[in-house]
>>> print(open('data11.cif').read())   # mmCIF, C-alpha atoms
data_work
loop_
_atom_site.label_atom_id
_atom_site.label_comp_id
_atom_site.auth_asym_id
_atom_site.auth_seq_id
_atom_site.Cartn_x
_atom_site.Cartn_y
_atom_site.Cartn_z
CA MET A 19 113.45 104.02 91.62
CA TYR A 20 111.77 102.27 94.53
CA GLY A 21 112.60 102.58 98.21
CA TYR A 22 113.64 106.22 98.53
CA VAL A 23 110.41 107.41 100.18
CA SER A 24 110.12 105.69 103.52
CA ILE A 25 110.39 106.22 107.25
CA ASN A 26 113.29 106.97 109.57
CA ARG A 27 112.56 104.15 112.00
CA ALA A 28 114.96 105.46 114.67
CA ALA A 29 112.97 108.70 115.00
CA LEU A 30 109.56 107.03 115.42
CA THR A 31 107.88 105.72 118.53
CA ASP A 32 106.83 102.08 118.54
CA GLY A 33 103.22 103.21 118.19
CA GLU A 34 104.00 105.34 115.14
CA PHE A 35 105.94 102.51 113.56
CA GLN A 36 103.04 100.11 114.09
CA ARG A 37 100.69 102.67 112.57
CA TYR A 38 102.92 102.83 109.48
CA ARG A 39 103.00 99.04 109.30
CA ALA A 40 99.20 98.99 109.41
CA PHE A 41 99.11 101.15 106.27
CA TYR A 42 101.71 98.94 104.60
CA CYS A 43 99.60 95.86 105.35
CA GLY A 44 96.46 97.71 104.27
CA LEU A 45 97.98 98.44 100.88
CA CYS A 46 99.04 94.80 100.54
CA ARG A 47 95.45 93.79 101.33
CA ALA A 48 94.09 96.25 98.75
CA LEU A 49 96.41 94.81 96.10
CA ARG A 50 95.21 91.28 96.81
CA LEU A 51 91.53 92.22 96.71
CA ARG A 52 91.83 94.52 93.72
CA ALA A 53 94.37 92.81 91.49
CA GLY A 54 95.01 89.29 92.83
CA GLN A 55 97.74 87.60 94.84
CA LEU A 56 100.46 88.19 92.24
CA SER A 57 100.05 91.96 92.52
CA ARG A 58 101.50 91.80 96.03
CA PHE A 59 104.89 91.72 94.34
CA THR A 60 104.25 95.39 93.45
CA LEU A 61 103.99 96.43 97.11
CA SER A 62 106.37 99.28 97.96
CA TYR A 63 107.12 101.76 100.72
CA ASP A 64 106.72 104.59 98.20
CA MET A 65 103.07 103.81 97.49
CA THR A 66 102.46 103.12 101.19
CA VAL A 67 103.42 106.75 101.79
CA LEU A 68 100.98 107.84 99.07
CA PHE A 69 98.21 105.87 100.80
CA LEU A 70 99.12 107.36 104.18
CA LEU A 71 99.25 110.92 102.84
CA LEU A 72 95.96 110.80 100.92
CA SER A 73 94.18 109.09 103.80
CA ALA A 74 95.41 111.73 106.24
CA LEU A 75 94.35 114.55 103.93
CA TYR A 76 90.92 113.33 102.82
CA GLU A 77 90.03 111.22 105.88
CA PRO A 78 87.65 108.88 104.03
CA GLU A 79 85.58 106.32 105.89
CA GLY A 80 87.42 103.04 106.15
CA GLU A 81 88.16 100.16 108.40
CA ALA A 82 90.88 98.95 110.68
CA GLY A 83 91.32 95.33 111.58
CA ARG A 84 93.62 92.46 112.35
CA GLU A 85 94.17 89.39 110.20
CA ARG A 86 96.54 86.71 108.99
CA CYS A 87 97.58 86.58 105.34
CA ALA A 88 99.43 84.22 103.02
CA PRO A 89 102.90 85.73 103.64
CA HIS A 90 102.32 85.85 107.44
CA MET A 91 100.11 82.91 108.34
CA LEU A 92 101.42 82.41 111.89
CA LYS A 93 101.18 85.96 113.20
CA PRO A 94 98.14 88.24 112.80
CA HIS A 95 98.84 91.86 111.95
CA ASP A 96 96.96 95.17 112.01
CA TYR A 97 95.81 96.85 108.83
CA VAL A 98 94.14 100.10 107.78
CA PHE A 99 91.96 100.09 104.68
CA ASP A 100 89.98 102.74 102.78
CA GLU A 101 89.46 104.03 99.23
CA CYS A 102 92.89 105.66 99.27
CA ALA A 103 94.36 102.15 99.60
CA ASP A 104 92.49 101.13 96.45
CA TYR A 105 93.93 104.10 94.55
CA ALA A 106 97.47 103.47 95.84
CA ALA A 107 97.08 99.82 94.81
CA ASP A 108 96.07 100.86 91.28
CA MET A 109 99.09 103.16 90.99
CA SER A 110 101.35 100.40 92.34
CA VAL A 111 100.27 98.19 89.45
CA VAL A 112 100.86 100.99 86.93
CA LEU A 113 104.39 101.70 88.18
CA ALA A 114 105.33 98.02 88.42
CA TRP A 115 104.00 97.27 84.92
CA HIS A 116 106.05 100.11 83.42
CA LYS A 117 109.15 99.16 85.41
CA ALA A 118 108.90 95.54 84.27
CA ALA A 119 108.58 96.71 80.67
CA ASP A 120 111.59 99.03 81.07
CA ASP A 121 113.71 96.32 82.71
CA TRP A 122 112.84 93.92 79.89
CA GLN A 123 113.92 96.47 77.29
CA ASP A 124 117.17 97.22 79.13
CA GLU A 125 118.22 93.80 80.41
CA ARG A 126 116.19 91.24 78.43
CA ARG A 127 115.56 89.30 81.64
CA LEU A 128 112.83 86.74 81.09
CA SER A 129 111.61 87.19 84.67
CA ARG A 130 110.75 90.82 83.90
CA LEU A 131 108.93 89.88 80.71
CA ALA A 132 107.00 87.24 82.65
CA LEU A 133 106.06 89.77 85.33
CA ARG A 134 104.93 92.29 82.74
CA ARG A 135 102.69 89.71 81.06
CA ALA A 136 101.32 88.54 84.40
CA LEU A 137 100.46 92.11 85.40
CA ALA A 138 98.90 92.97 82.03
CA PRO A 139 95.28 92.05 82.96
CA ALA A 140 95.47 94.07 86.20
CA TYR A 141 97.09 96.97 84.34
CA GLU A 142 94.29 96.99 81.75
CA ARG A 143 91.70 97.16 84.53
CA VAL A 144 93.52 100.10 86.11
CA LYS A 145 93.76 101.75 82.71
CA ALA A 146 89.99 101.44 82.32
CA ARG A 147 89.46 103.07 85.72
CA TRP A 148 92.05 105.85 85.23
CA PRO A 149 92.43 106.34 81.45
CA GLU A 150 93.72 109.93 81.54
CA LYS A 151 96.20 109.29 84.33
CA CYS A 152 97.54 106.20 82.58
CA ARG A 153 97.84 108.12 79.31
CA LEU A 154 99.84 110.93 80.93
CA ILE A 155 102.04 108.51 82.85
CA ASP A 156 102.67 106.53 79.67
CA GLU A 157 103.70 109.73 77.85
CA ALA A 158 106.18 110.59 80.62
CA VAL A 159 107.59 107.05 80.59
CA ARG A 160 108.07 107.25 76.82
CA GLU A 161 109.79 110.62 77.22
CA ASN A 162 112.12 109.09 79.77
CA GLY A 163 112.93 106.28 77.33
CA ARG A 164 113.66 108.76 74.56
CA LEU A 165 116.04 110.71 76.81
CA GLU A 166 117.84 107.50 77.79
CA LYS A 167 118.41 106.66 74.13
CA GLU A 168 119.85 110.13 73.60
CA GLY A 169 122.35 109.58 76.41
CA LEU A 170 120.65 111.49 79.27
CA ARG A 171 122.54 114.68 78.58
CA ASP A 172 119.87 116.97 80.06
CA ILE A 173 119.56 116.41 83.83
CA ASP A 174 116.47 118.58 84.24
CA ALA A 175 114.60 116.99 81.36
CA ALA A 176 115.24 113.50 82.69
CA ALA A 177 114.27 114.41 86.25
CA ASN A 178 111.16 116.23 85.04
CA ALA A 179 109.86 113.11 83.30
CA THR A 180 109.85 111.21 86.59
CA GLY A 181 108.47 114.32 88.27
CA ARG A 182 105.49 114.31 85.92
CA ILE A 183 104.82 110.64 86.67
CA MET A 184 104.79 111.17 90.43
CA GLY A 185 102.92 114.45 90.12
CA GLU A 186 100.12 112.74 88.22
CA ILE A 187 100.02 109.91 90.74
CA TYR A 188 99.86 112.24 93.75
CA ALA A 189 97.07 114.39 92.25
CA TRP A 190 94.35 111.88 93.10
CA ARG A 191 91.27 114.04 92.56
CA GLU A 192 90.42 117.12 90.52
CA ASP A 193 89.80 119.37 93.49
CA PHE A 194 91.28 122.18 95.56
CA TRP A 195 94.19 120.02 96.73
CA GLN A 196 95.15 118.82 93.27
CA GLU A 197 97.73 121.57 92.69
CA PRO A 198 99.78 121.21 95.91
CA LEU A 199 99.60 117.41 95.65
CA ARG A 200 100.82 117.49 92.05
CA ARG A 201 103.66 119.87 92.96
CA LEU A 202 104.58 117.72 95.94
CA GLY A 203 104.64 114.62 93.75
CA HIS A 204 106.62 116.41 91.04
CA ALA A 205 109.34 117.54 93.45
CA LEU A 206 109.42 114.10 95.04
CA GLY A 207 109.70 112.47 91.62
CA ARG A 208 112.66 114.65 90.72
CA PHE A 209 114.29 113.79 94.04
CA ILE A 210 113.72 110.06 93.44
CA TYR A 211 115.18 110.25 89.93
CA LEU A 212 118.27 112.15 91.05
CA MET A 213 118.80 109.89 94.06
CA ASP A 214 118.52 106.85 91.80
CA ALA A 215 121.06 108.36 89.39
CA TYR A 216 123.35 109.25 92.31
CA GLU A 217 123.21 105.72 93.72
CA ASP A 218 123.74 104.10 90.31
CA LEU A 219 126.56 106.41 89.18
CA PRO A 220 129.59 104.30 90.24
CA GLY A 221 128.18 101.18 88.58
CA ASP A 222 127.04 103.09 85.49
CA LYS A 223 130.51 104.56 85.07
CA ARG A 224 132.15 101.14 85.30
CA ALA A 225 129.68 99.62 82.82
CA GLY A 226 129.65 102.60 80.46
CA ARG A 227 125.90 103.12 80.90
CA PRO A 228 124.36 106.58 80.44
CA ASN A 229 123.78 108.57 83.61
CA PRO A 230 122.83 112.28 83.74
CA LEU A 231 125.29 112.91 86.58
CA VAL A 232 128.44 111.73 84.79
CA ALA A 233 129.59 115.18 83.67
CA MET A 234 128.71 116.83 86.99
CA SER A 235 130.57 114.13 88.91
CA GLU A 236 133.86 115.21 87.33
CA ARG A 237 133.68 118.58 89.08
CA PRO A 238 135.44 118.98 92.46
CA ASP A 239 132.29 120.33 94.11
CA TYR A 240 130.10 117.47 92.86
CA GLU A 241 129.11 116.07 96.24
CA ALA A 242 128.15 119.48 97.60
CA GLU A 243 126.27 120.36 94.42
CA ILE A 244 124.20 117.17 94.29
CA ARG A 245 123.39 117.55 97.99
CA ASP A 246 122.19 121.11 97.34
CA ILE A 247 120.02 119.98 94.40
CA LEU A 248 118.45 117.17 96.42
CA THR A 249 117.84 119.56 99.31
CA LEU A 250 116.09 122.06 97.03
CA GLU A 251 113.79 119.34 95.67
CA MET A 252 112.79 118.19 99.14
CA ALA A 253 112.39 121.79 100.30
CA GLU A 254 109.81 122.26 97.53
CA ALA A 255 108.12 118.98 98.45
CA GLY A 256 108.04 120.06 102.10
CA ALA A 257 106.59 123.46 101.24
CA GLN A 258 103.75 121.85 99.30
CA PHE A 259 103.18 119.30 102.06
CA GLU A 260 102.79 122.09 104.61
CA ARG A 261 100.00 123.64 102.48
CA LEU A 262 97.86 120.58 103.16
CA PRO A 263 95.52 120.75 106.20
CA ILE A 264 96.73 117.49 107.71
CA LEU A 265 96.35 116.73 111.42
CA ARG A 266 96.09 112.94 111.48
CA ASP A 267 99.43 111.11 111.34
CA LEU A 268 101.19 114.45 110.96
CA ASN A 269 104.32 113.47 112.88
CA LEU A 270 104.60 110.24 110.91
CA LEU A 271 104.34 112.08 107.59
CA ARG A 272 106.84 114.74 108.66
CA ASN A 273 109.21 111.94 109.64
CA ILE A 274 108.98 110.64 106.08
CA PHE A 275 109.30 113.91 104.14
CA TYR A 276 111.91 115.57 106.35
CA SER A 277 113.95 112.60 107.54
CA GLY A 278 113.01 109.27 106.01
CA VAL A 279 113.75 110.33 102.44
CA TRP A 280 117.35 111.06 103.49
CA CYS A 281 118.06 107.65 105.06
CA ARG A 282 119.20 106.07 101.80
CA TYR A 283 121.45 109.08 101.07
CA ALA A 284 123.03 108.83 104.54
CA ALA A 285 123.61 105.10 104.06
CA LEU A 286 125.32 105.75 100.72
CA GLN A 287 127.60 108.33 102.29
CA LYS A 288 128.56 105.87 105.00
CA ASP A 289 129.21 103.07 102.49
CA ARG A 290 131.38 105.32 100.33
CA GLU A 291 133.47 106.61 103.20
CA SER A 292 137.07 105.42 102.82
CA PRO A 293 138.69 103.38 105.59
CA ASP A 294 141.03 106.29 106.39
CA GLU A 295 138.11 108.74 106.60
CA ALA A 296 136.14 106.31 108.73
CA GLU A 297 139.09 105.97 111.13
CA ALA A 298 139.59 109.74 111.25
CA GLY A 299 135.92 110.22 111.94
CA THR A 300 136.14 108.06 115.08
CA LYS A 301 139.03 110.00 116.64
CA GLY A 302 138.01 111.83 119.76
CA LYS A 303 134.79 109.83 120.10
CA PRO A 304 134.11 107.70 123.19
CA THR A 305 134.58 103.95 122.73
#
>>> encode(input="data11.cif", output="structure tokens")
Amino acid sequence: MYGYVSINRAALTDGEFQRYRAFYCGLCRALRLRAGQLSRFTLSYDMTVLFLLLSALYEPEGEAGRERCAPHMLKPHDYVFDECADYAADMSVVLAWHKAADDWQDERRLSRLALRRALAPAYERVKARWPEKCRLIDEAVRENGRLEKEGLRDIDAAANATGRIMGEIYAWREDFWQEPLRRLGHALGRFIYLMDAYEDLPGDKRAGRPNPLVAMSERPDYEAEIRDILTLEMAEAGAQFERLPILRDLNLLRNIFYSGVWCRYAALQKDRESPDEAEAGTKGKPT
């Protein structure tokens, strides 16, 4: 479920891209300082966007700097760092710990069990800092597991479980902005779940694994229907985003929520295009 919430690099200026990279490096730095070197394996674009969004909304005092790190010893890089980075780092650990546990249950890969055990101390520290959030996220993860065992027959129920996870993560503070942030996260979580199911569908069909889109995919209007559903989810996310009084990094965030989230979908469409369709699509175009 990682990698769906990111930038559309082609639509950003070099300055905007470097600004995004500074947040990415800032989150990596927060993970190292907060949870140790190993936690850097939990770094994701998805939680970088959370850091960027919360920092733009709340504008906490922070720091910006330039440094070398273990993965990039030869070339110094810019970073942005504030308390939103700490929170995004905590939520990165929570998501990675649950994903490692889920992968171990599904695939019995020793590497996932090892990662889960290695992250356990950091996860317990996060749990102590955010007990209610971790409890609610754990409940949603368990609900997702129950639905998987039942064969994922209810698309909405399965998507809502991921929606609740992301909604809880996005609602950082109990304040005036909690409601739109939770709704934004919920819609984004549903989009992520459905995109993940859409991407996995061909492989799941071949392997006989449960996927909530199997029945829908047999209908002739499947592609149009799934596109409409995904569009509705991101329309809701966009509507909640626009309720937030954000001025800083606004173009960068709009790039993510209105364009970046669709990059993976566009890539999948291109990959699934048949050779005949690809050839037909080039007719009449300049060479």
>>> closest_atom_pairs(input="data11.cif", of="segment 55-141 of chain A", to="segment 180-202 of chain A", cutoff="10 Å", atoms="all atoms listed in the file", output="JSON lines")
{"residue": "A:Met65", "atom": "CA", "partner": "A:Ile187", "partner_atom": "CA", "distance": 9.6}
{"residue": "A:Leu68", "atom": "CA", "partner": "A:Tyr188", "partner_atom": "CA", "distance": 7.0}
{"residue": "A:Phe69", "atom": "CA", "partner": "A:Tyr188", "partner_atom": "CA", "distance": 9.6}
{"residue": "A:Leu71", "atom": "CA", "partner": "A:Tyr188", "partner_atom": "CA", "distance": 9.2}
{"residue": "A:Leu72", "atom": "CA", "partner": "A:Trp190", "partner_atom": "CA", "distance": 8.1}
{"residue": "A:Leu75", "atom": "CA", "partner": "A:Trp195", "partner_atom": "CA", "distance": 9.0}
{"residue": "A:Tyr76", "atom": "CA", "partner": "A:Trp195", "partner_atom": "CA", "distance": 9.6}
{"residue": "A:Cys102", "atom": "CA", "partner": "A:Trp190", "partner_atom": "CA", "distance": 8.9}
{"residue": "A:Tyr105", "atom": "CA", "partner": "A:Trp190", "partner_atom": "CA", "distance": 7.9}
{"residue": "A:Ala106", "atom": "CA", "partner": "A:Ile187", "partner_atom": "CA", "distance": 8.6}
{"residue": "A:Asp108", "atom": "CA", "partner": "A:Ile187", "partner_atom": "CA", "distance": 9.9}
{"residue": "A:Met109", "atom": "CA", "partner": "A:Ile187", "partner_atom": "CA", "distance": 6.8}
{"residue": "A:Ser110", "atom": "CA", "partner": "A:Ile187", "partner_atom": "CA", "distance": 9.7}
{"residue": "A:Val112", "atom": "CA", "partner": "A:Ile187", "partner_atom": "CA", "distance": 9.7}
{"residue": "A:Leu113", "atom": "CA", "partner": "A:Ile183", "partner_atom": "CA", "distance": 9.1}
>>> resolve_selection(input="data11.cif", expression="the PyMOL selection byres ((chain A and resi 145) around 12)", output="ChimeraX atom specification")
/A:108-109,111-113,115,138-144,146-156
>>> closest_residue(input="data11.cif", among="A:Arg134, A:Tyr276, A:Val98, A:Glu241", to="Gly80 of chain A", atoms="only C-alpha atoms")
A:Val98
>>> atom_distance(input="data11.cif", atom1="atom CA of Ala114 of chain A", atom2="atom CA of Ala253 of chain A")
27.5 Å
>>> atom_distance(input="data11.cif", atom1="atom CA of Leu70 of chain A", atom2="atom CA of Ala40 of chain A")
9.9 Å
>>> atom_distance(input="data11.cif", atom1="atom CA of Glu251 of chain A", atom2="atom CA of Gly207 of chain A")
9.0 Å
>>> closest_residue(input="data11.cif", among="A:Glu81, A:Asp64, A:Glu161, A:Glu291", to="Asn178 of chain A", atoms="only C-alpha atoms")
A:Glu161
>>> resolve_selection(input="data11.cif", expression="the PyMOL selection byres ((chain A and resi 177) around 9)", output="number ranges by chain")
A: 162, 172-176, 178-182, 207-212
>>> resolve_selection(input="data11.cif", expression="the PyMOL selection byres ((chain A and resi 43-56) around 6)", output="PDB file with C-alpha atoms, in the frame of the given file")
ATOM      1  CA  ALA A  40      99.200  98.990 109.410  1.00  0.00           C
ATOM      2  CA  PHE A  41      99.110 101.150 106.270  1.00  0.00           C
ATOM      3  CA  TYR A  42     101.710  98.940 104.600  1.00  0.00           C
ATOM      4  CA  SER A  57     100.050  91.960  92.520  1.00  0.00           C
ATOM      5  CA  ARG A  58     101.500  91.800  96.030  1.00  0.00           C
ATOM      6  CA  TYR A  97      95.810  96.850 108.830  1.00  0.00           C
ATOM      7  CA  VAL A  98      94.140 100.100 107.780  1.00  0.00           C
ATOM      8  CA  PHE A  99      91.960 100.090 104.680  1.00  0.00           C
ATOM      9  CA  ALA A 103      94.360 102.150  99.600  1.00  0.00           C
ATOM     10  CA  ASP A 104      92.490 101.130  96.450  1.00  0.00           C
ATOM     11  CA  ALA A 107      97.080  99.820  94.810  1.00  0.00           C
ATOM     12  CA  ALA A 140      95.470  94.070  86.200  1.00  0.00           C
TER      13      ALA A 140
END
>>> closest_residue(input="data11.cif", among="A:Phe259, A:Tyr63, A:Tyr22, A:Phe35", to="Cys281 of chain A", atoms="only C-alpha atoms")
A:Tyr22
>>> closest_residue(input="data11.cif", among="A:Leu268, A:Leu165, A:Ala257, A:Leu92", to="Pro228 of chain A", atoms="all atoms listed in the file")
A:Leu165
>>> residues_around(input="data11.cif", residues="Arg282 of chain A", least_positions_apart="2", cutoff="10 Å", atoms="only C-alpha atoms", output="PyMOL selection string")
chain A and resi 21-24+26+213+217+278-280+284-288
>>> closest_residue(input="data11.cif", among="A:Arg160, A:Asp100, A:Glu260, A:Ser235", to="Pro78 of chain A", atoms="only C-alpha atoms")
A:Asp100
>>> axis_aligned_box(input="data11.cif", around="segment 58-66 of chain A", padding_each_side="3 Å", output="lines of an AutoDock Vina configuration file")
center_x = 104.3
center_y = 98.2
center_z = 97.3
size_x = 11.6
size_y = 18.9
size_z = 13.7
